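Shown next: input_1.cif, containing mmCIF, C-alpha atoms.
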data_my_file
#
loop_
_atom_site.group_PDB
_atom_site.id
_atom_site.type_symbol
_atom_site.label_atom_id
_atom_site.label_comp_id
_atom_site.auth_asym_id
_atom_site.auth_seq_id
_atom_site.Cartn_x
_atom_site.Cartn_y
_atom_site.Cartn_z
ATOM 1 C CA MET A 1 33.072 20.852 14.422
ATOM 2 C CA THR A 2 31.942 21.704 10.970
ATOM 3 C CA ASP A 3 29.131 24.145 10.500
ATOM 4 C CA GLY A 4 25.647 22.844 10.106
ATOM 5 C CA GLU A 5 22.299 22.568 11.747
ATOM 6 C CA VAL A 6 22.009 20.772 15.093
ATOM 7 C CA LEU A 7 18.668 19.384 16.239
ATOM 8 C CA PHE A 8 17.846 18.815 19.912
ATOM 9 C CA GLU A 9 15.287 16.404 21.342
ATOM 10 C CA PHE A 10 14.190 16.571 24.993
ATOM 11 C CA VAL A 11 12.446 13.658 26.735
ATOM 12 C CA GLN A 12 11.745 13.734 30.465
ATOM 13 C CA VAL A 13 12.333 10.436 32.250
ATOM 14 C CA GLY A 14 11.369 10.800 35.902
ATOM 15 C CA GLN A 15 13.557 13.472 37.469
ATOM 16 C CA GLN A 16 16.014 13.396 34.560
ATOM 17 C CA MET A 17 15.971 14.798 31.043
ATOM 18 C CA ARG A 18 17.280 12.769 28.101
ATOM 19 C CA VAL A 19 18.733 15.199 25.560
ATOM 20 C CA ALA A 20 19.723 14.098 22.063
ATOM 21 C CA ALA A 21 21.823 16.367 19.851
ATOM 22 C CA ILE A 22 21.943 15.507 16.138
ATOM 23 C CA HIS A 23 24.344 17.093 13.647
ATOM 24 C CA VAL A 24 22.197 17.210 10.518
ATOM 25 C CA PRO A 25 24.939 17.192 7.822
ATOM 26 C CA THR A 26 26.598 14.046 9.188
ATOM 27 C CA GLY A 27 23.716 12.364 10.997
ATOM 28 C CA THR A 28 25.895 12.067 14.107
ATOM 29 C CA GLU A 29 23.891 11.797 17.341
ATOM 30 C CA VAL A 30 24.840 11.961 21.007
ATOM 31 C CA ILE A 31 22.710 11.475 24.119
ATOM 32 C CA VAL A 32 23.184 13.095 27.526
ATOM 33 C CA ILE A 33 21.173 12.745 30.716
ATOM 34 C CA THR A 34 20.733 15.927 32.750
ATOM 35 C CA PRO A 35 18.802 16.898 35.870
ATOM 36 C CA VAL A 36 15.303 18.073 35.028
ATOM 37 C CA VAL A 37 15.960 21.258 37.059
ATOM 38 C CA ALA A 38 18.722 22.415 34.683
ATOM 39 C CA THR A 39 17.760 25.131 32.228
ATOM 40 C CA ARG A 40 17.142 24.260 28.598
ATOM 41 C CA THR A 41 20.243 26.273 27.648
ATOM 42 C CA GLN A 42 22.405 24.317 30.108
ATOM 43 C CA MET A 43 21.080 21.046 28.725
ATOM 44 C CA GLN A 44 21.827 22.118 25.149
ATOM 45 C CA GLN A 45 25.336 23.274 26.082
ATOM 46 C CA VAL A 46 26.202 19.896 27.632
ATOM 47 C CA ALA A 47 24.814 17.979 24.636
ATOM 48 C CA LEU A 48 26.550 20.295 22.150
ATOM 49 C CA ALA A 49 29.895 19.927 23.949
ATOM 50 C CA LYS A 50 29.617 16.133 23.733
ATOM 51 C CA LEU A 51 28.638 16.358 20.047
ATOM 52 C CA ARG A 52 31.614 18.626 19.285
ATOM 53 C CA LYS A 53 33.960 16.202 21.010
ATOM 54 C CA LYS A 54 32.548 13.258 19.074
ATOM 55 C CA LEU A 55 32.779 15.076 15.742
ATOM 56 C CA GLY A 56 36.358 16.100 16.488
ATOM 57 C CA ASP A 57 37.323 12.437 16.778
ATOM 58 C CA ALA A 58 35.462 11.221 13.691
ATOM 59 C CA PRO A 59 35.571 11.932 9.963
ATOM 60 C CA LEU A 60 33.180 14.724 9.027
ATOM 61 C CA LYS A 61 31.752 13.313 5.833
ATOM 62 C CA PRO A 62 28.080 12.349 5.710
ATOM 63 C CA GLU A 63 27.365 8.662 5.890
ATOM 64 C CA PRO A 64 25.150 7.220 3.157
ATOM 65 C CA ARG A 65 21.612 6.711 4.355
ATOM 66 C CA ARG A 66 20.193 3.221 4.026
ATOM 67 C CA PHE A 67 16.496 2.647 3.710
#
Can the structure from this file be put into structure tokens for me?
Amino acid sequence: MTDGEVLFEFVQVGQQMRVAAIHVPTGTEVIVITPVVATRTQMQQVALAKLRKKLGDAPLKPEPRRF
């Protein structure tokens, strides 16, 4: 994965937590669902691992933003 800022968003849905990880330079986003009892660090690690895997399979150039 290239360097760059990663943003995390946490949304509780019942007894699960929806965690989004967004790679700021490329705008690439992944979503994972974790148990609500997991620690915040564990949730981030799972989301970051999925993001790294996705970025490893895709070109790392930013996509143009459309408004």
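Using only C-alpha atoms, the shortest contact distance between Leu48 in chain A and any of A:Gln12, A:Gly27, A:Ile33, A:Ala20 is found at A:Ala20.
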query: For this file, the PyMOL selection byres ((chain A and resi 31) around 10) selects which residues, as a list in words?
result: Phe8, Glu9, Phe10, Arg18, Val19, Ala20, Ala21, Ile22, Glu29, Val30, Val32, Ile33, Thr34, Val46, Ala47, Leu48, Lys50 and Leu51 of chain A
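With CA of Val24 in chain A on one side and CA of Lys54 in chain A on the other, the separation reads 14.0 Å.
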Calculate, to one decimal in Å, the centre and edge lengths of the box along x, y and z of the file that holds all listed atoms of range 35-45 of chain A with 3 Å of margin on each side, and present them as lines of an AutoDock Vina configuration file.
center_x = 20.3
center_y = 21.6
center_z = 31.1
size_x = 16.0
size_y = 15.4
size_z = 17.9
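You will find CA of Leu55 in chain A at 20.6 Å from CA of Thr41 in chain A.
For the choices A:Met17, A:Pro25, A:Thr39, A:Ala49, the atom-to-atom distance to Glu5 in chain A is smallest for A:Pro25 when using only C-alpha atoms.
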- request: Quote the spacing between CA of Val37 in chain A and CA of Arg52 in chain A in Å to one decimal place.
  value: 23.8 Å
- line: Using only C-alpha atoms, the best pick from A:Val6, A:Gln44, A:Thr28, A:Val36 as closest to Gly56 in chain A would be A:Thr28
